[in-house]
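A.B. asks: Supplied in structure tokens, the structure appears directly below.
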Amino acid sequence: MLALTQLLTRAAQINGEATATVFGERRQSWTELQERVARLAGGLQGLGLVTDDRVAILALNSDRYLECSFGIPWAGGITQPINTRLAPPEIVHWLGDSGARFLLLDRHFVEVLKGIRSELPDLETAIFLDDGDLPAGLQAYESLLAGADPVPDAGRRGEDLAQLMYTGGTTGRSKGVELSHRAIVSNVLQCLPGLNLDEDSRCLHAAPMFHAADNFFCMCATAVAATQVIVPGFEPVSTMTTIASERVNSALLVPTMINMLVNHPALDEHDLACLETVVYGASPMPEQVLRRAMSVLPKTEFVQAYGQTEAGPVLTMLPARDHVLDGPNAGRVRSAGRPIACVDLEIRDEHDRPLPPGEIGEICARGPNLMSGYRNLPEVTEETLRGGWLHTGDGAYMDERGYVFIVDRMKDVIVSGAENVYSAETENALYQHPAVAECAVIGIPHDTWGEQVHAVVRLKPDTSATADELIAHCHELIAGYKCPRSIDFRDEPLPLSGAGKILKRALRAPFWEGQSRKVH
């Protein structure tokens with residue numbers, strides 16, 4: 001049966017002396033990584049970890065984060081990554097809901113832990129991932145490994161849980177997604193053929209490793225024993241510098257990051273010709289951003305992966321060959337691709353009936369990569385997985401060739417004057433204006449129309465545009481009822497989740513304050 005730790009064991013077996021991780025000046029081979037993972041597992045067991053204990057990680061990206069991602073299941077535990085952008089009350093909720101007894105954290109979150117530790121009765125041990133002075137009350141990571149003997153793999157596999165990944169909470173209360181060894185490894189095997197990875201690949205981790213997308217990319221890179229180049233987080237200049245200096249040839253980036261990178265004024269100062277493949281996903285990709293990326297990175301192939309945490313996380317992929325802007329297949333670049341192998345995918349109506357090609361409904365899917373359920377939420381689990389199918393909450397249609405075109409989150413549909421407005425379509429129109437750097441379209445209350453289409457826009461430096469100009473621009477591209485009726489301009493970047501998604505909930509909140517319902 002499938003086991004997450006098998007990926008690491010095989011990598012050490014087939015490419016043991018090759019470089020496994022690069023993090024600043026630190027480098028280690030696959031053999032060294034496996035030995036440290038086994039020591040970490042021994043150290044955790046020595047601290048009292050037992051089978052199915054949840055072990056949380058609250059830290060920026062690092063090589064040690066990857067060690068923990070394998071060391072925890074090697075010890076028999078369940079890895080619980082924590083979003084680094086959470087407020088302290090949200091961290092308390094995640095740790096309280098999971099009942100985690102162990103927490104691994106870096107220096108960026110020591111003060112946060114001090115402020116909330118009294119609210120975490122289940123938390124017994126906190127382990128400091130960084131070097132340097134050891135904060136009071138924490139266990140030193142390197143000392144833990146140095147004082148532990150390596151232990152055999154605990155042998156967890158199949159339906160045993162490997163990870164507890166909480167949803168980002170961009171549209172509501174976070175839920176703990178329980179992912180088995182079967183789900184994670186199945187998804188890796190389903191997607192590897194389309195990712196252009198092998199043991200010569202040098203894979204960049206700039207997207208947050210706590211997120212399902214980069215976690216998936218880590219596991220795929222491990223499956224082929226590729227080198228994993230890790231930076232603490234995404235920043236355009238440092239990311240471009242790392243790509244050039246480490247000759248990175250494969251990266252996973254969310255659309256917001258791609259937008260920031262390809263429109264950065266220092267782009268031409270960095271040699272990114274080594275970058276062969278960029279995998280993107282986790283949020284909609286505006287067509288204009290993709291066109292820009294394909295133009296300024298002509299030697300780079302783009303691959304889209306669509307899914308959600310509950311799907312382990314990928315359901316569909318759009319390969320490089322479909323990223324074309326001209327010819328009969330040009331329209332496919334606006335899709336999320338087709339279902340991956342061994343996934344059944346249907347577009348269904350509100351009565352769970354499959355819809356014919358071209359009609360908009362909810363994406364529903366089943367396959368070996370689906371979650372086991374939501375922690376402590378049996379009724380929500382039953383509803384989401386009713387009939388054995390994952391109900392994604394994403395609105396889309398499918399064409400005759402099986403390409404899926406996502407229009408929006410079903411719950412984010414704006415109903416204005418009895419017409420459904422899918423914000424992704426309006427945002428795509430706004431992004432085609434040369435002055436728009438970033439935008440989000442939301443519904444706000446309106447006494448006549450129920451909801452009014454409203455846009456929040458940040459303009460590019462040294463450009464200008466009025467609300468009337470942008471609205472007129474949209475009228476040239478989409479139906480009038482889909483165009484913004486009002487626009488707010490921001491000087492600062494729009495608020496993002498830790499995974500790089502625009503937090504529409506935060507943008508909506510001021511408009512819906514005092515309303516008993518969040519829709520009209």
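Every chain in the structure tokens takes a letter, A first, then B, and so on in the order presented; its residues are numbered from 1, and the ligands are numbered from 1 following the presented order.
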Contacts of segment 466-469 of chain A at 12 Å or less, counting only C-alpha atoms, minus same-chain residues fewer than 3 places along, as a count of residues only?
C.D. replies: 24
A.B. asks: Can you tell me which residues surround Gly361 of chain A at a distance of at most 10 Å, considering only C-alpha atoms, apart from same-chain residues fewer than 3 positions away, and format the answer as number ranges by chain?
C.D. replies: A: 346-350, 352-356, 358, 364, 393-398, 406-407, 410
A.B. asks: When you look at Val92 of chain A with a cut-off of 10 Å (counting only C-alpha atoms), what residues show up, excluding the ones that are within fewer than 4 positions of it in the same chain? I need them as a list in words.
C.D. replies: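 Contacts, with the query itself left out: Leu86, Ala87, Pro88, Gly96, Asp97, Ser98, Leu113, Ile116, Arg117, Ser118, Glu119 and Leu120 of chain A.
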A.B. asks: May I ask for the distance between atom CA of Ala336 of chain A and atom CA of Tyr306 of chain A, given in Å to one decimal place?
C.D. replies: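 Result for atom CA of Ala336 of chain A versus atom CA of Tyr306 of chain A: 6.0 Å, one decimal.
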A.B. asks: Need to verify the contact set: segment 287-291 of chain A, 9 Å, only C-alpha atoms, exclusion of same-chain residues closer than 4 positions in sequence. Can you return it as an MDAnalysis selection string?
C.D. replies: chainID A and resid 255 258:259 262:263 295:296 302 325 333:334 428:429 431:433
A.B. asks: Could you write out that same residue set with N, CA, C and O atoms as a compact mmCIF listing (two decimals), in the first residue's frame?
C.D. replies:
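The file below, part37.txt, is the result:
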# COMPACT_ATOMS: atom_id res chain seq x y z
N PRO A 255 -0.51 32.57 -9.20
CA PRO A 255 -0.62 33.68 -10.17
C PRO A 255 -0.21 35.04 -9.63
O PRO A 255 0.37 35.84 -10.36
N ILE A 258 3.50 35.24 -9.95
CA ILE A 258 3.90 35.38 -11.36
C ILE A 258 3.67 36.81 -11.82
O ILE A 258 4.51 37.41 -12.51
N ASN A 259 2.54 37.38 -11.46
CA ASN A 259 2.23 38.76 -11.82
C ASN A 259 3.30 39.71 -11.29
O ASN A 259 3.80 40.58 -12.02
N VAL A 262 6.82 38.96 -13.30
CA VAL A 262 6.96 39.32 -14.72
C VAL A 262 6.74 40.80 -14.97
O VAL A 262 7.10 41.30 -16.04
N ASN A 263 6.17 41.51 -14.01
CA ASN A 263 5.99 42.95 -14.17
C ASN A 263 6.97 43.76 -13.33
O ASN A 263 6.84 44.98 -13.21
N SER A 295 5.34 35.98 -22.75
CA SER A 295 6.11 36.88 -23.61
C SER A 295 7.50 37.15 -23.05
O SER A 295 8.49 37.09 -23.79
N VAL A 296 7.61 37.42 -21.74
CA VAL A 296 8.91 37.80 -21.17
C VAL A 296 9.74 36.59 -20.77
O VAL A 296 10.94 36.71 -20.52
N PHE A 302 4.66 26.56 -19.39
CA PHE A 302 3.74 26.76 -18.28
C PHE A 302 2.77 25.58 -18.19
O PHE A 302 2.28 25.08 -19.21
N LEU A 325 -1.43 30.79 -27.79
CA LEU A 325 -2.22 32.00 -27.90
C LEU A 325 -2.82 32.19 -29.29
O LEU A 325 -3.65 33.08 -29.50
N VAL A 333 -6.18 27.92 -23.25
CA VAL A 333 -5.36 28.55 -22.22
C VAL A 333 -6.23 29.20 -21.15
O VAL A 333 -5.77 29.48 -20.05
N ARG A 334 -7.49 29.44 -21.46
CA ARG A 334 -8.41 30.01 -20.48
C ARG A 334 -9.05 28.94 -19.61
O ARG A 334 -9.84 29.26 -18.72
N ASN A 428 -10.90 39.46 -15.21
CA ASN A 428 -10.11 39.24 -16.42
C ASN A 428 -10.20 40.44 -17.36
O ASN A 428 -9.20 40.84 -17.99
N ALA A 429 -11.38 41.05 -17.43
CA ALA A 429 -11.55 42.24 -18.27
C ALA A 429 -10.74 43.41 -17.70
O ALA A 429 -10.06 44.13 -18.44
N TYR A 431 -8.05 43.28 -15.88
CA TYR A 431 -6.62 43.03 -16.04
C TYR A 431 -6.12 43.34 -17.46
O TYR A 431 -4.92 43.51 -17.67
N GLN A 432 -7.03 43.42 -18.40
CA GLN A 432 -6.60 43.72 -19.77
C GLN A 432 -6.37 45.21 -19.99
O GLN A 432 -5.89 45.60 -21.06
N HIS A 433 -6.70 46.02 -18.98
CA HIS A 433 -6.36 47.45 -19.06
C HIS A 433 -4.89 47.62 -18.69
O HIS A 433 -4.43 47.08 -17.69
A.B. asks: Pick from A:Val413, A:Val421, A:Gly43, A:Gly500: nearest to Gly480 of chain A, with only C-alpha atoms counted?
C.D. replies: A:Val421
A.B. asks: Go ahead and compute the interatomic distance for atom CA of Glu111 of chain A and atom CA of Ala75 of chain A, in Å to one decimal.
C.D. replies: 28.1 Å
A.B. asks: Could you give me, as a ChimeraX atom specification, the residues within 9 Å of His446 of chain A, counting only C-alpha atoms and dropping anything in the same chain fewer than 4 positions from it?
C.D. replies: /A:416,450-452,520
A.B. asks: Give me, please, the distance in Å between atom CA of Pro265 of chain A and atom CA of Glu301 of chain A, quoted to one decimal.
C.D. replies: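 These two atoms are separated by 22.0 Å.
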A.B. asks: Taking into account only C-alpha atoms, which residue in the set A:Thr241, A:Asn329, A:Gln34, A:Thr256 is nearest to Ala437 of chain A?
C.D. replies: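 For Ala437 of chain A, the nearest of the candidates is A:Thr256.
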A.B. asks: Please return, as a PyMOL selection string, all residues of segment 276-423 of chain A that DSSP assigns to alpha helix (DSSP H) on the basis of the backbone.
C.D. replies: chain A and resi 287-296+378-384+423
A.B. asks: When you look at Arg36 of chain A with a cut-off of 8 Å (counting only C-alpha atoms), what residues show up, excluding the ones that are within fewer than 3 positions of it in the same chain? I need them as a count of residues only.
C.D. replies: 7
A.B. asks: Sorted by chain and rising residue number, list the residues of segment 42-120 of chain A at most 12 Å from segment 201-206 of chain A (counting only C-alpha atoms), each with its closest atom pair and distance in Å to one decimal, as JSON lines.
C.D. replies:
{"residue": "A:Leu60", "atom": "CA", "partner": "A:Ala206", "partner_atom": "CA", "distance": 10.0}
{"residue": "A:Asn61", "atom": "CA", "partner": "A:Ala206", "partner_atom": "CA", "distance": 7.6}
{"residue": "A:Ser62", "atom": "CA", "partner": "A:His205", "partner_atom": "CA", "distance": 8.9}
{"residue": "A:Asp63", "atom": "CA", "partner": "A:His205", "partner_atom": "CA", "distance": 10.0}
{"residue": "A:Tyr65", "atom": "CA", "partner": "A:His205", "partner_atom": "CA", "distance": 11.2}
{"residue": "A:Leu66", "atom": "CA", "partner": "A:His205", "partner_atom": "CA", "distance": 10.4}
A.B. asks: Could you write those residues out with C-alpha atoms, as an mmCIF file, in the first residue's frame?
C.D. replies:
data_model
loop_
_atom_site.group_PDB
_atom_site.id
_atom_site.type_symbol
_atom_site.label_atom_id
_atom_site.label_comp_id
_atom_site.auth_asym_id
_atom_site.auth_seq_id
_atom_site.Cartn_x
_atom_site.Cartn_y
_atom_site.Cartn_z
ATOM 1 C CA LEU A 60 8.781 29.936 7.019
ATOM 2 C CA ASN A 61 10.165 27.707 4.270
ATOM 3 C CA SER A 62 13.431 25.881 5.018
ATOM 4 C CA ASP A 63 15.225 22.599 4.495
ATOM 5 C CA TYR A 65 10.555 22.159 7.087
ATOM 6 C CA LEU A 66 11.028 19.432 4.481
#
